[in-house]
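Asks: First the structure, which I've put down as structure tokens, then a few questions once you've had a look.
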Amino acid sequence: MKQQLVFPRQKVGLICVGAISPPQILLHSFLLFTFLLSPIAAGAVDITQQLHRPLNSSVGRQSRDEADSLLGIGEQQYASGYADKTITSCLRALQLYHSIGDLKAQGLTYNLLAKAYVQLGSLKEVEDSLRRGLAIARDTKDLQSQIFLLNNIGTFLLQQGESAAAGKTVEDALAIAHNVKNIEGEGLSLSNLGLVAARLGDYNKAIKLYENALIFRRQTGDAIAQANTLNNLGDAYLASRNYQDTIGIYGVAMQTAKTNRDRTNELRAIDGLVTAHSAVGRYQRAFDLLQQRLTLAEELQNLPEELKSFQSYAQLYEQQGNYLTARNFYERAIILARTLKDSKQEAQLLDQLTKMLQHK
């Protein structure tokens with residue numbers, strides 16, 4: 001299932017993830033959520049407009065201007081993929097915001113820091129930034145931010161295998177969202193509680209939570225959020241081996257994502273459909289979907305997704321006993337892994353190919 005940190009827009013935001021086999025459902029690459037994150041609260045100009053307060057000294061005004069500029073630069077650096085530079089800019093901005101006592105601006109900066117640390121895979125620093133942001137949200141009584149940060153922390157805890165703590169944290173978020181009638185927060189919290197239930201193997205409970213989450217997510221009109229929860233629901237049906245409902249839900253997720261040009265959820269839904277159709281022996285439909293997947297990956301010029309397409313082709317041909325064609329696709333995937341300098345993926349593919357050749 002897809003875990004997703006959802007970071008705030010002008011009030012603060014958060015995250016969610018997807019896979020195929022039950023053991024992997026909640027472990028689908030924690031770091032993949034970086035490209036799903038919402039934009040930070042604002043750019044440099046907006047931040048200045050939102051946070052500017054009259055200061056008593058020219059030194060204070062100068063510090064604020066410098067801090068706002070650093071935060072804006074940090075956002076640009078993050079958008080360009082320079083997470084390390086983003087962190088440097090944010091840490092300096094934090095010092096300045098701290099010196100002038102601006103908690104709201106510190107909260108925004110911690111949000112961007114968390115995103116940058118996610119990109120670098122610095123999980124300890126991710127948690128620290130999220131918790132510091134939550135403390136500020138509580139100090140400023142910013143309930144919107146509390147909802148989303150609690151969900152992000154819950155997602156993080158779930159990824160670390162702390163399911164009970166994750167569930168309690170997200171339940172706290174749901175309670176706040178329900179009390180203030182925050183529809184977006186209720187949908188997100190229910191969807192994340194579904195992830196917790198799925199992690200614990202209670203797929204029937206997960207399905208009910210996802211279905212309730214969809215009610216709220218449809219009200220917000222957030223198509224990406226809807227597609228994500230639909231994919232989570234598809235994962236739960238798949239884990240329950242309810243292939244008929246699995247195919248129906250993934251189909252809706254794929255169409256929703258395609259209509260809104262949400263390529264991440266579209267690819268994920270296709271993966272689920274390929275697995276479900278293969279499980280019931282509908283191999284031609286699975287191959288048709290894989291062709292759609294490969295075409296989409298090529299159009300996006302996304303080599304990692306092309307690699308995944310080749311790997312899926314190889315596994316499907318191997319499943320059918322067509323080892324010659326499977327070998328061809330494994331070798332194409334290995335070449336791409338080398339191009340991407342992904343030694344871990346290359347080693348896994350070589351291992352899969354070797355085992356196939358030994359047991360065919």
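Ligands are numbered from 1 in the order shown, residues from 1 within each chain, and chains are lettered A, B, ... in the order they appear in the structure tokens.
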Extract, using only C-alpha atoms, all DNA, RNA and protein residues at most 12 Å from Tyr97 (chain A), discarding same-chain residues fewer than 5 positions from it, and format them as a PyMOL selection string.
Replies: chain A and resi 51-52+60-71+90-92+102-110
Asks: Export N, CA and C atoms of the chosen residues as a PDB file, in the first residue's frame?
Replies:
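Writing the result to selection.pdb gives the following:
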```
ATOM      1  N   LEU A  51       4.199  36.177   6.398  1.00  0.00           N
ATOM      2  CA  LEU A  51       4.858  36.174   7.693  1.00  0.00           C
ATOM      3  C   LEU A  51       5.379  37.531   8.138  1.00  0.00           C
ATOM      4  N   HIS A  52       5.344  38.489   7.271  1.00  0.00           N
ATOM      5  CA  HIS A  52       5.920  39.778   7.622  1.00  0.00           C
ATOM      6  C   HIS A  52       5.153  40.432   8.762  1.00  0.00           C
ATOM      7  N   GLY A  60      16.245  43.617  12.947  1.00  0.00           N
ATOM      8  CA  GLY A  60      15.196  42.605  12.877  1.00  0.00           C
ATOM      9  C   GLY A  60      14.635  42.473  11.491  1.00  0.00           C
ATOM     10  N   ARG A  61      14.403  43.612  10.843  1.00  0.00           N
ATOM     11  CA  ARG A  61      13.872  43.563   9.469  1.00  0.00           C
ATOM     12  C   ARG A  61      14.869  42.914   8.529  1.00  0.00           C
ATOM     13  N   GLN A  62      16.136  43.218   8.733  1.00  0.00           N
ATOM     14  CA  GLN A  62      17.172  42.627   7.882  1.00  0.00           C
ATOM     15  C   GLN A  62      17.232  41.113   8.077  1.00  0.00           C
ATOM     16  N   SER A  63      17.109  40.653   9.340  1.00  0.00           N
ATOM     17  CA  SER A  63      17.137  39.218   9.621  1.00  0.00           C
ATOM     18  C   SER A  63      15.961  38.518   8.962  1.00  0.00           C
ATOM     19  N   ARG A  64      14.773  39.150   9.066  1.00  0.00           N
ATOM     20  CA  ARG A  64      13.596  38.542   8.438  1.00  0.00           C
ATOM     21  C   ARG A  64      13.760  38.455   6.932  1.00  0.00           C
ATOM     22  N   ASP A  65      14.210  39.541   6.314  1.00  0.00           N
ATOM     23  CA  ASP A  65      14.384  39.538   4.858  1.00  0.00           C
ATOM     24  C   ASP A  65      15.361  38.449   4.438  1.00  0.00           C
ATOM     25  N   GLU A  66      16.454  38.315   5.205  1.00  0.00           N
ATOM     26  CA  GLU A  66      17.453  37.303   4.858  1.00  0.00           C
ATOM     27  C   GLU A  66      16.888  35.899   5.038  1.00  0.00           C
ATOM     28  N   ALA A  67      16.132  35.705   6.141  1.00  0.00           N
ATOM     29  CA  ALA A  67      15.552  34.393   6.410  1.00  0.00           C
ATOM     30  C   ALA A  67      14.520  34.024   5.349  1.00  0.00           C
ATOM     31  N   ASP A  68      13.661  34.973   5.003  1.00  0.00           N
ATOM     32  CA  ASP A  68      12.661  34.714   3.960  1.00  0.00           C
ATOM     33  C   ASP A  68      13.324  34.374   2.632  1.00  0.00           C
ATOM     34  N   SER A  69      14.405  35.088   2.336  1.00  0.00           N
ATOM     35  CA  SER A  69      15.132  34.828   1.097  1.00  0.00           C
ATOM     36  C   SER A  69      15.746  33.429   1.114  1.00  0.00           C
ATOM     37  N   LEU A  70      16.325  33.055   2.248  1.00  0.00           N
ATOM     38  CA  LEU A  70      16.928  31.723   2.363  1.00  0.00           C
ATOM     39  C   LEU A  70      15.884  30.623   2.212  1.00  0.00           C
ATOM     40  N   LEU A  71      14.698  30.845   2.802  1.00  0.00           N
ATOM     41  CA  LEU A  71      13.647  29.836   2.686  1.00  0.00           C
ATOM     42  C   LEU A  71      13.181  29.702   1.240  1.00  0.00           C
ATOM     43  N   CYS A  90      17.952  25.993   4.829  1.00  0.00           N
ATOM     44  CA  CYS A  90      16.913  25.935   5.866  1.00  0.00           C
ATOM     45  C   CYS A  90      17.486  26.091   7.268  1.00  0.00           C
ATOM     46  N   LEU A  91      18.617  25.457   7.525  1.00  0.00           N
ATOM     47  CA  LEU A  91      19.207  25.554   8.857  1.00  0.00           C
ATOM     48  C   LEU A  91      19.620  26.981   9.179  1.00  0.00           C
ATOM     49  N   ARG A  92      20.130  27.690   8.180  1.00  0.00           N
ATOM     50  CA  ARG A  92      20.484  29.103   8.395  1.00  0.00           C
ATOM     51  C   ARG A  92      19.217  29.940   8.600  1.00  0.00           C
ATOM     52  N   ASP A 102       9.966  33.998  15.443  1.00  0.00           N
ATOM     53  CA  ASP A 102       8.831  33.743  14.548  1.00  0.00           C
ATOM     54  C   ASP A 102       8.578  32.232  14.458  1.00  0.00           C
ATOM     55  N   LEU A 103       7.633  31.751  15.276  1.00  0.00           N
ATOM     56  CA  LEU A 103       7.333  30.323  15.309  1.00  0.00           C
ATOM     57  C   LEU A 103       6.696  29.828  14.011  1.00  0.00           C
ATOM     58  N   LYS A 104       5.779  30.612  13.458  1.00  0.00           N
ATOM     59  CA  LYS A 104       5.095  30.196  12.235  1.00  0.00           C
ATOM     60  C   LYS A 104       6.103  29.941  11.120  1.00  0.00           C
ATOM     61  N   ALA A 105       7.061  30.850  10.972  1.00  0.00           N
ATOM     62  CA  ALA A 105       8.068  30.680   9.924  1.00  0.00           C
ATOM     63  C   ALA A 105       8.968  29.488  10.214  1.00  0.00           C
ATOM     64  N   GLN A 106       9.258  29.232  11.481  1.00  0.00           N
ATOM     65  CA  GLN A 106      10.053  28.061  11.833  1.00  0.00           C
ATOM     66  C   GLN A 106       9.309  26.784  11.429  1.00  0.00           C
ATOM     67  N   GLY A 107       7.998  26.765  11.647  1.00  0.00           N
ATOM     68  CA  GLY A 107       7.207  25.604  11.259  1.00  0.00           C
ATOM     69  C   GLY A 107       7.280  25.338   9.770  1.00  0.00           C
ATOM     70  N   LEU A 108       7.160  26.385   8.968  1.00  0.00           N
ATOM     71  CA  LEU A 108       7.263  26.235   7.515  1.00  0.00           C
ATOM     72  C   LEU A 108       8.639  25.703   7.125  1.00  0.00           C
ATOM     73  N   THR A 109       9.658  26.178   7.812  1.00  0.00           N
ATOM     74  CA  THR A 109      11.019  25.757   7.486  1.00  0.00           C
ATOM     75  C   THR A 109      11.245  24.291   7.835  1.00  0.00           C
ATOM     76  N   TYR A 110      10.694  23.849   8.973  1.00  0.00           N
ATOM     77  CA  TYR A 110      10.814  22.433   9.338  1.00  0.00           C
ATOM     78  C   TYR A 110      10.108  21.527   8.324  1.00  0.00           C
TER      79      TYR A 110
END
```
Asks: Which is closest to Thr88 (chain A) among A:Ala173, A:Tyr203, A:Glu75, A:Ile100, if we use only C-alpha atoms?
Replies: A:Glu75
Asks: With a distance cut-off of 12 Å and only C-alpha atoms, select the neighbouring residues of Tyr317 (chain A), excluding the residue or stretch itself and same-chain residues fewer than 3 positions from it, and output the selection as a PyMOL selection string.
Replies: chain A and resi 278+283-284+286-287+290+310-314+320-330+356
Asks: Set the distance at 12 Å and use only C-alpha atoms: which residues neighbour Lys168 (chain A) once local chain neighbours fewer than 5 positions away are removed? I'd like the list as a PyMOL selection string.
Replies: chain A and resi 150-151+153-155+157-158+162-163+173-175+189+192-193+196-197
